[in-house]
file model.csv (CSV, C-alpha atoms and all ligand atoms)
chain,number,residue,atom,x,y,z
A,29,MET,CA,-99.2,294.1,92.9
A,30,THR,CA,-98.6,290.4,93.7
A,31,LYS,CA,-95.1,289.4,94.5
A,32,LYS,CA,-93.4,287.6,91.5
A,33,ILE,CA,-92.4,284.0,92.1
A,34,PHE,CA,-90.4,283.4,88.9
A,35,SER,CA,-87.2,284.9,87.5
A,36,ALA,CA,-87.5,287.8,85.1
A,37,VAL,CA,-87.0,285.7,81.9
A,38,GLY,CA,-89.0,286.0,78.8
A,39,GLU,CA,-89.7,284.3,75.5
A,40,LYS,CA,-86.5,285.2,73.7
A,41,GLU,CA,-84.3,283.8,76.5
A,42,VAL,CA,-86.3,280.6,76.5
A,43,THR,CA,-85.9,280.2,72.7
A,44,ARG,CA,-82.2,281.1,72.8
A,45,ALA,CA,-81.6,278.6,75.6
A,46,ILE,CA,-83.2,275.8,73.5
A,47,VAL,CA,-81.6,276.6,70.2
A,48,GLY,CA,-78.2,277.6,71.6
A,49,GLU,CA,-77.8,274.5,73.8
A,50,TYR,CA,-79.1,272.1,71.1
A,51,ALA,CA,-76.7,273.6,68.5
A,52,ARG,CA,-73.8,273.5,70.9
A,53,GLN,CA,-74.3,269.8,71.7
A,54,PHE,CA,-75.1,268.8,68.1
A,55,ASN,CA,-71.9,270.5,66.9
A,56,GLU,CA,-69.9,268.7,69.6
A,57,TYR,CA,-71.3,265.3,68.7
A,58,VAL,CA,-71.0,265.6,64.9
A,59,GLU,CA,-67.8,263.6,65.7
A,60,SER,CA,-68.0,260.9,68.4
A,61,ASP,CA,-66.5,257.6,69.4
A,62,ALA,CA,-69.7,255.6,69.0
A,63,VAL,CA,-73.1,256.3,67.6
A,64,ILE,CA,-75.8,253.9,68.8
A,65,VAL,CA,-78.8,253.7,66.5
A,66,GLY,CA,-81.9,252.8,68.5
A,67,GLY,CA,-82.7,253.7,72.1
A,68,GLY,CA,-84.3,250.4,73.3
A,69,PRO,CA,-83.0,248.3,76.1
A,70,SER,CA,-79.9,246.9,74.3
A,71,GLY,CA,-78.9,250.3,72.9
A,72,LEU,CA,-79.4,252.1,76.2
A,73,ILE,CA,-77.4,249.6,78.3
A,74,ALA,CA,-74.6,249.6,75.7
A,75,GLY,CA,-74.6,253.4,75.8
A,76,ARG,CA,-74.5,253.4,79.6
A,77,ASP,CA,-71.5,251.1,79.7
A,78,LEU,CA,-69.7,252.9,77.0
A,79,ALA,CA,-70.2,256.3,78.6
A,80,THR,CA,-69.2,255.0,82.0
A,81,ALA,CA,-65.9,253.8,80.4
A,82,GLY,CA,-65.3,257.4,79.1
A,83,VAL,CA,-66.5,256.9,75.5
A,84,LYS,CA,-68.2,259.8,73.7
A,85,VAL,CA,-71.4,258.2,72.7
A,86,LEU,CA,-74.5,259.4,70.9
A,87,VAL,CA,-77.9,257.6,70.7
A,88,VAL,CA,-80.0,258.3,67.6
A,89,GLU,CA,-83.7,257.5,68.2
A,90,ARG,CA,-86.5,257.9,65.7
A,91,ASN,CA,-89.2,258.2,68.3
A,92,ASN,CA,-89.9,261.1,70.7
A,93,TYR,CA,-89.5,258.7,73.6
A,94,LEU,CA,-86.6,256.3,74.5
A,95,GLY,CA,-87.0,252.7,75.7
A,96,GLY,CA,-88.2,250.9,72.6
A,97,GLY,CA,-90.1,247.8,73.6
A,98,PHE,CA,-89.0,248.0,77.3
A,99,TRP,CA,-92.1,250.0,78.4
A,100,ILE,CA,-94.5,247.2,77.6
A,101,GLY,CA,-93.6,243.6,78.6
A,102,GLY,CA,-95.9,241.9,76.1
A,103,PHE,CA,-99.5,241.8,75.0
A,104,LEU,CA,-99.9,245.5,76.0
A,105,LEU,CA,-99.2,244.6,79.6
A,106,ASN,CA,-96.6,246.7,81.3
A,107,LYS,CA,-94.7,244.1,83.3
A,108,ILE,CA,-91.3,243.2,81.9
A,109,THR,CA,-89.6,239.9,82.6
A,110,VAL,CA,-85.9,238.9,82.6
A,111,ARG,CA,-84.5,235.4,83.0
A,112,GLY,CA,-81.5,234.9,85.3
A,113,PRO,CA,-78.8,236.0,85.5
A,114,ALA,CA,-80.0,239.3,83.9
A,115,GLU,CA,-81.7,240.3,87.2
A,116,SER,CA,-78.2,241.5,88.2
A,117,ILE,CA,-78.7,244.4,85.7
A,118,LEU,CA,-82.0,245.2,87.4
A,119,ASP,CA,-80.1,245.3,90.6
A,120,GLU,CA,-77.5,247.6,89.1
A,121,LEU,CA,-80.2,249.9,87.9
A,122,GLY,CA,-82.1,249.8,91.2
A,123,VAL,CA,-85.2,248.3,89.7
A,124,PRO,CA,-87.4,246.4,92.2
A,125,TYR,CA,-88.6,243.0,91.0
A,126,THR,CA,-90.3,239.8,92.1
A,127,GLU,CA,-89.1,236.2,91.3
A,128,THR,CA,-92.3,234.5,90.2
A,129,THR,CA,-90.7,231.2,89.4
A,130,PRO,CA,-87.0,230.2,90.0
A,131,GLY,CA,-84.9,232.1,87.5
A,132,LEU,CA,-87.7,234.4,86.2
A,133,PHE,CA,-87.9,238.0,87.4
A,134,VAL,CA,-90.8,240.5,86.9
A,135,ALA,CA,-90.6,244.3,87.2
A,136,ASP,CA,-92.8,247.3,86.3
A,137,GLY,CA,-92.0,248.3,82.7
A,138,PRO,CA,-92.3,252.1,83.3
A,139,HIS,CA,-90.1,251.9,86.4
A,140,ALA,CA,-87.4,249.7,84.7
A,141,CYS,CA,-87.5,251.9,81.6
A,142,ALA,CA,-87.2,255.1,83.5
A,143,LYS,CA,-84.3,253.8,85.5
A,144,LEU,CA,-82.5,252.6,82.4
A,145,ILE,CA,-82.9,255.9,80.6
A,146,GLY,CA,-81.8,257.7,83.7
A,147,ALA,CA,-78.7,255.5,84.1
A,148,ALA,CA,-77.7,256.1,80.4
A,149,CYS,CA,-78.2,259.9,80.8
A,150,ASP,CA,-76.4,259.9,84.2
A,151,ALA,CA,-73.4,258.1,82.6
A,152,GLY,CA,-73.1,260.8,79.9
A,153,VAL,CA,-74.9,259.4,76.9
A,154,LYS,CA,-76.2,262.2,74.6
A,155,ILE,CA,-79.5,261.7,72.7
A,156,LEU,CA,-80.9,262.8,69.4
A,157,ASN,CA,-84.6,261.8,69.5
A,158,MET,CA,-87.1,262.3,66.7
A,159,THR,CA,-84.1,261.5,64.5
A,160,LEU,CA,-84.2,258.8,61.9
A,161,PHE,CA,-81.2,256.8,60.7
A,162,ASP,CA,-81.2,257.2,56.9
A,163,ASP,CA,-77.9,255.8,55.7
A,164,VAL,CA,-74.3,255.0,56.6
A,165,VAL,CA,-71.1,256.9,56.1
A,166,LEU,CA,-68.5,254.6,54.4
A,167,ARG,CA,-64.7,255.0,54.2
A,168,GLU,CA,-61.8,252.9,52.8
A,169,ASN,CA,-62.7,249.2,52.4
A,170,ASN,CA,-66.4,250.1,53.1
A,171,ARG,CA,-65.7,250.6,56.8
A,172,VAL,CA,-68.7,252.2,58.5
A,173,ALA,CA,-67.6,255.6,59.8
A,174,GLY,CA,-70.8,257.3,60.8
A,175,VAL,CA,-74.5,257.7,60.1
A,176,VAL,CA,-76.7,259.9,57.9
A,177,ILE,CA,-79.7,261.2,59.7
A,178,ASN,CA,-82.8,263.2,59.1
A,179,TRP,CA,-85.7,264.6,61.3
A,180,THR,CA,-88.3,261.8,61.7
A,181,PRO,CA,-91.2,264.0,60.6
A,182,VAL,CA,-89.5,264.6,57.3
A,183,SER,CA,-90.0,261.0,56.4
A,184,ALA,CA,-93.7,261.3,57.3
A,185,LEU,CA,-94.4,264.1,54.8
A,186,PRO,CA,-95.3,263.6,51.2
A,187,ARG,CA,-92.3,263.5,49.0
A,188,GLU,CA,-93.6,266.3,46.7
A,189,ILE,CA,-93.5,268.9,49.5
A,190,THR,CA,-90.3,267.8,51.2
A,191,CYS,CA,-87.0,267.7,49.7
A,192,VAL,CA,-84.9,267.9,52.8
A,193,ASP,CA,-81.4,266.5,52.5
A,194,PRO,CA,-80.1,264.7,55.5
A,195,VAL,CA,-76.8,265.4,57.5
A,196,ALA,CA,-74.1,263.1,58.6
A,197,MET,CA,-72.5,262.4,62.0
A,198,GLU,CA,-69.1,260.8,62.0
A,199,SER,CA,-68.1,258.2,64.5
A,200,LYS,CA,-65.4,255.5,65.0
A,201,VAL,CA,-68.0,252.8,65.5
A,202,VAL,CA,-71.7,252.5,64.9
A,203,VAL,CA,-74.0,250.1,66.9
A,204,ASP,CA,-77.2,248.8,65.3
A,205,ALA,CA,-79.6,248.5,68.2
A,206,THR,CA,-82.7,249.1,66.1
A,207,GLY,CA,-84.5,246.0,67.2
A,208,HIS,CA,-86.4,243.7,64.7
A,209,ASP,CA,-85.7,246.1,61.8
A,210,ALA,CA,-81.9,245.9,62.0
A,211,SER,CA,-82.0,249.2,60.0
A,212,VAL,CA,-78.3,249.8,59.8
A,213,ALA,CA,-77.4,246.2,58.8
A,214,LYS,CA,-80.2,246.2,56.3
A,215,CYS,CA,-78.9,249.4,54.8
A,216,LEU,CA,-75.5,247.6,54.2
A,217,GLU,CA,-77.4,244.7,52.7
A,218,ARG,CA,-79.1,247.0,50.2
A,219,ARG,CA,-75.7,248.2,49.2
A,220,GLY,CA,-74.5,244.5,48.7
A,221,LEU,CA,-72.1,244.7,51.7
A,222,LEU,CA,-73.8,242.3,54.2
A,223,LYS,CA,-76.1,239.4,54.1
A,224,CYS,CA,-79.0,239.6,56.6
A,225,SER,CA,-81.6,237.0,57.5
A,226,THR,CA,-84.9,237.4,59.3
A,227,TYR,CA,-85.5,236.5,62.9
A,228,GLY,CA,-86.8,233.0,63.5
A,229,ALA,CA,-89.8,231.6,65.3
A,230,MET,CA,-90.0,231.7,69.1
A,231,TRP,CA,-87.9,229.5,71.2
A,232,VAL,CA,-87.0,231.4,74.4
A,233,GLU,CA,-84.7,228.8,75.9
A,234,ARG,CA,-82.4,228.8,72.9
A,235,SER,CA,-82.7,232.4,71.6
A,236,GLU,CA,-81.2,234.5,74.4
A,237,ASP,CA,-78.0,232.6,74.7
A,238,LEU,CA,-77.6,232.8,70.9
A,239,VAL,CA,-78.3,236.5,70.8
A,240,VAL,CA,-75.6,237.3,73.3
A,241,GLU,CA,-73.2,234.9,71.6
A,242,HIS,CA,-73.7,236.5,68.2
A,243,THR,CA,-73.5,240.1,69.4
A,244,GLY,CA,-70.4,241.6,67.8
A,245,GLU,CA,-68.9,243.3,64.8
A,246,ALA,CA,-71.0,242.2,61.8
A,247,HIS,CA,-69.2,244.4,59.3
A,248,PRO,CA,-66.1,246.6,59.8
A,249,GLY,CA,-67.1,249.5,62.0
A,250,LEU,CA,-70.6,248.1,62.7
A,251,VAL,CA,-71.6,246.2,65.8
A,252,VAL,CA,-75.0,244.6,66.1
A,253,SER,CA,-76.9,244.4,69.4
A,254,GLY,CA,-80.2,243.2,70.8
A,255,MET,CA,-83.0,242.0,68.6
A,256,ALA,CA,-81.1,243.2,65.5
A,257,VAL,CA,-78.7,240.3,66.1
A,258,SER,CA,-81.6,237.8,65.7
A,259,THR,CA,-82.6,239.5,62.5
A,260,VAL,CA,-79.1,239.6,61.0
A,261,TYR,CA,-78.3,236.0,61.9
A,262,GLY,CA,-81.7,234.4,61.7
A,263,LEU,CA,-81.9,233.4,65.3
A,264,PRO,CA,-85.1,232.4,67.1
A,265,ARG,CA,-87.0,235.2,68.8
A,266,MET,CA,-87.5,235.2,72.5
A,267,GLY,CA,-90.8,236.8,73.0
A,268,PRO,CA,-91.5,239.3,75.8
A,269,THR,CA,-88.4,238.8,77.9
A,270,PHE,CA,-85.5,241.2,78.0
A,271,GLY,CA,-82.5,239.6,79.7
A,272,GLY,CA,-81.0,238.7,76.3
A,273,MET,CA,-81.4,242.4,75.2
A,274,LEU,CA,-79.6,243.7,78.3
A,275,LEU,CA,-76.8,241.2,78.2
A,276,SER,CA,-76.4,241.7,74.5
A,277,GLY,CA,-76.1,245.5,75.1
A,278,LYS,CA,-73.4,244.8,77.6
A,279,ARG,CA,-71.6,242.5,75.2
A,280,ALA,CA,-71.9,245.2,72.4
A,281,ALA,CA,-70.2,247.7,74.7
A,282,GLU,CA,-67.3,245.3,75.4
A,283,VAL,CA,-66.8,244.8,71.7
A,284,VAL,CA,-66.9,248.5,71.0
A,285,LEU,CA,-64.4,249.2,73.8
A,286,LYS,CA,-62.0,246.6,72.3
A,287,MET,CA,-62.4,248.2,68.8
A,288,LEU,CA,-61.6,251.6,70.3
A,289,GLY,CA,-58.5,250.1,71.9
A,290,LYS,CA,-59.9,250.8,75.4
A,291,LYS,CA,-59.9,247.2,76.6
B,1,LIG,C1,-83.6,255.6,64.6
B,1,LIG,C2,-84.6,253.6,65.1
B,1,LIG,C3,-84.6,253.2,63.7
B,1,LIG,C4,-84.1,254.1,62.8
B,1,LIG,C5,-85.6,251.6,64.9
B,1,LIG,O1,-87.1,247.4,69.5
B,1,LIG,P1,-86.2,247.8,70.6
B,1,LIG,O2,-86.7,247.7,72.0
B,1,LIG,O3,-84.8,247.0,70.4
B,1,LIG,P2,-83.9,246.1,71.4
B,1,LIG,O4,-83.2,245.2,70.5
B,1,LIG,O5,-83.2,246.9,72.3
B,1,LIG,O6,-85.0,245.2,72.2
B,1,LIG,C6,-85.9,244.4,71.6
B,1,LIG,C7,-87.1,244.2,72.5
B,1,LIG,O7,-87.7,245.4,72.8
B,1,LIG,C8,-88.1,243.3,71.8
B,1,LIG,O8,-88.8,243.8,70.9
B,1,LIG,C9,-88.0,241.9,72.0
B,1,LIG,C10,-87.2,241.3,73.1
B,1,LIG,N1,-88.7,241.1,71.2
B,1,LIG,C11,-88.8,239.7,71.2
B,1,LIG,C12,-89.7,239.1,70.1
B,1,LIG,O9,-89.8,237.9,70.1
B,1,LIG,O10,-90.3,239.9,69.4
B,1,LIG,O11,-85.7,249.3,70.4
B,1,LIG,C13,-85.2,249.7,69.1
B,1,LIG,C14,-85.2,251.2,69.0
B,1,LIG,C15,-86.7,251.7,69.0
B,1,LIG,O12,-86.8,252.7,70.0
B,1,LIG,C16,-86.9,252.3,67.6
B,1,LIG,O13,-87.7,253.4,67.6
B,1,LIG,C17,-85.4,252.6,67.2
B,1,LIG,O14,-84.7,251.5,67.8
B,1,LIG,N2,-85.2,252.6,65.7
B,1,LIG,N3,-84.2,254.8,65.5
B,1,LIG,N4,-83.6,255.3,63.2
B,1,LIG,N5,-84.1,253.9,61.5
B,1,LIG,N6,-85.2,252.0,63.6
call {"tool": "encode", "arguments": {"input": "model.csv", "output": "structure tokens"}}
result
Amino acid sequence: MTKKIFSAVGEKEVTRAIVGEYARQFNEYVESDAVIVGGGPSGLIAGRDLATAGVKVLVVERNNYLGGGFWIGGFLLNKITVRGPAESILDELGVPYTETTPGLFVADGPHACAKLIGAACDAGVKILNMTLFDDVVLRENNRVAGVVINWTPVSALPREITCVDPVAMESKVVVDATGHDASVAKCLERRGLLKCSTYGAMWVERSEDLVVEHTGEAHPGLVVSGMAVSTVYGLPRMGPTFGGMLLSGKRAAEVVLKMLGKK
């Protein structure tokens, strides 16, 4: 008989490990300090900074993978760019880059994305992927106090064969980092609680400063971050460059820390 390489563990232990650990963590994060909807660059950097500051933070992401638009720089080419001074965040993450023209830095998308995801996880961010934001939880004076979520595949099934009610996760603050969709802000708009715009035409030199400037609490309990800021306030888009997203995520984390009384 050949010598066994692996431990004597079978199917039931594997299944129990997955179900048990998922349920334990889910149960723990039914109540958190901050829920970030959207695991793109702005959401992940916000999550990293919050978790680093000791905040209990959960990222809700509808896709299987994290990173949003950060894998691909633009035009299906996987080189991402940042304009100065955002290369300092690439330095923090340990992402190698080249300065192709003064003030413009280029890195490999997959490398940058992997480092960003790793940094968020290392800091303690917990993630629900394949999970779709569905609605907000509202409390007194329509303050946002959590999110209603469902499995992403449920939304892809025909209505007549799926009648799956969602569940809710409570949190002190919610961050809308859902990119162009601004899904959380738009949900408040549908309920007549917030006026949203649509992002404007491209003007890179103007847009990134404006995005960072406008990052903040758009409605009690709701902070907007990244491209969602452009959508909510009708700011020009910036095209395939990510410095504004990273600095907006950092600003969002600062705002959340202040709201939580931690700054
Ligand atoms: C759960 C959701 C839901 C939902 C969306 O698009 P992202 O990368 O967003 P940002 O703001 O971090 O970065 C934007 C950047 O990638 C970009 O597109 C730029 C700079 N464009 C400029 C231009 O001119 O177009 O990530 C958002 C994430 C994605 O992973 C989505 O899957 C996720 O949010 N998401 N997750 N429930 N309802 N909606």
call {"tool": "closest_residue", "arguments": {"input": "model.csv", "among": "A:Pro113, A:Gly277, A:Gly101, A:Gly137", "to": "Asp77 (chain A)", "atoms": "only C-alpha atoms"}}
result
A:Gly277
call {"tool": "atom_distance", "arguments": {"input": "model.csv", "atom1": "CA of Leu78 (chain A)", "atom2": "CA of Leu285 (chain A)"}}
result
7.2 Å
call {"tool": "residues_near_ligand", "arguments": {"input": "model.csv", "ligand": "ligand LIG 1 (chain B)", "cutoff": "7 Å", "atoms": "only C-alpha atoms and all ligand atoms", "output": "number ranges by chain"}}
result
A: 65-71, 88-91, 94-98, 159-162, 205-209, 211, 230, 253-256, 265-270, 273
call {"tool": "atom_distance", "arguments": {"input": "model.csv", "atom1": "CA of Asp163 (chain A)", "atom2": "CA of Val284 (chain A)"}}
result
20.2 Å
call {"tool": "closest_residue", "arguments": {"input": "model.csv", "among": "A:Ala45, A:Val37, A:Val87, A:Val239", "to": "Val175 (chain A)", "atoms": "all atoms listed in the file"}}
result
A:Val87
call {"tool": "atom_distance", "arguments": {"input": "model.csv", "atom1": "CA of Asp119 (chain A)", "atom2": "CA of Asn92 (chain A)"}}
result
27.2 Å
call {"tool": "residues_around", "arguments": {"input": "model.csv", "residues": "region 218-226 of chain A", "least_positions_apart": "5", "cutoff": "7 Å", "atoms": "all atoms listed in the file", "output": "list in words"}}
result
Thr259, Val260, Tyr261 and Gly262 of chain A
call {"tool": "closest_atom_pairs", "arguments": {"input": "model.csv", "of": "region 86-178 of chain A", "to": "region 186-193 of chain A", "cutoff": "10 Å", "atoms": "all atoms listed in the file", "output": "CSV"}}
result
residue,atom,partner,partner_atom,distance
A:Val176,CA,A:Asp193,CA,9.7
A:Ile177,CA,A:Asp193,CA,9.1
A:Asn178,CA,A:Asp193,CA,7.5
call {"tool": "residues_around", "arguments": {"input": "model.csv", "residues": "region 57-59 of chain A", "least_positions_apart": "4", "cutoff": "6 Å", "atoms": "only C-alpha atoms", "output": "PDB file with C-alpha atoms, keeping the file's coordinate frame"}}
result
ATOM      1  CA  MET A 197     -72.500 262.400  62.000  1.00  0.00           C
ATOM      2  CA  GLU A 198     -69.100 260.800  62.000  1.00  0.00           C
ATOM      3  CA  SER A 199     -68.100 258.200  64.500  1.00  0.00           C
TER       4      SER A 199
END
call {"tool": "closest_residue", "arguments": {"input": "model.csv", "among": "A:Ala74, A:Ala196, A:Ala51, A:Val252", "to": "Lys214 (chain A)", "atoms": "only C-alpha atoms"}}
result
A:Val252
call {"tool": "closest_residue", "arguments": {"input": "model.csv", "among": "A:Leu156, A:Ile46, A:Val203, A:Ala210", "to": "Val251 (chain A)", "atoms": "only C-alpha atoms"}}
result
A:Val203
call {"tool": "closest_residue", "arguments": {"input": "model.csv", "among": "A:Pro124, A:Gly152, A:Gly48, A:Gly112", "to": "Asp237 (chain A)", "atoms": "only C-alpha atoms"}}
result
A:Gly112
call {"tool": "closest_residue", "arguments": {"input": "model.csv", "among": "A:Gly75, A:Gly38, A:Gly244, A:Gly174", "to": "Val257 (chain A)", "atoms": "only C-alpha atoms"}}
result
A:Gly244
call {"tool": "residues_around", "arguments": {"input": "model.csv", "residues": "Val83 (chain A)", "least_positions_apart": "2", "cutoff": "10 Å", "atoms": "all atoms listed in the file", "output": "list of chain:residue names"}}
result
A:Ser60, A:Asp61, A:Ala62, A:Gly75, A:Arg76, A:Asp77, A:Leu78, A:Ala79, A:Thr80, A:Ala81, A:Val85, A:Leu86, A:Ala151, A:Gly152, A:Val153, A:Ala281, A:Val284, A:Leu285, A:Leu288, A:Lys290
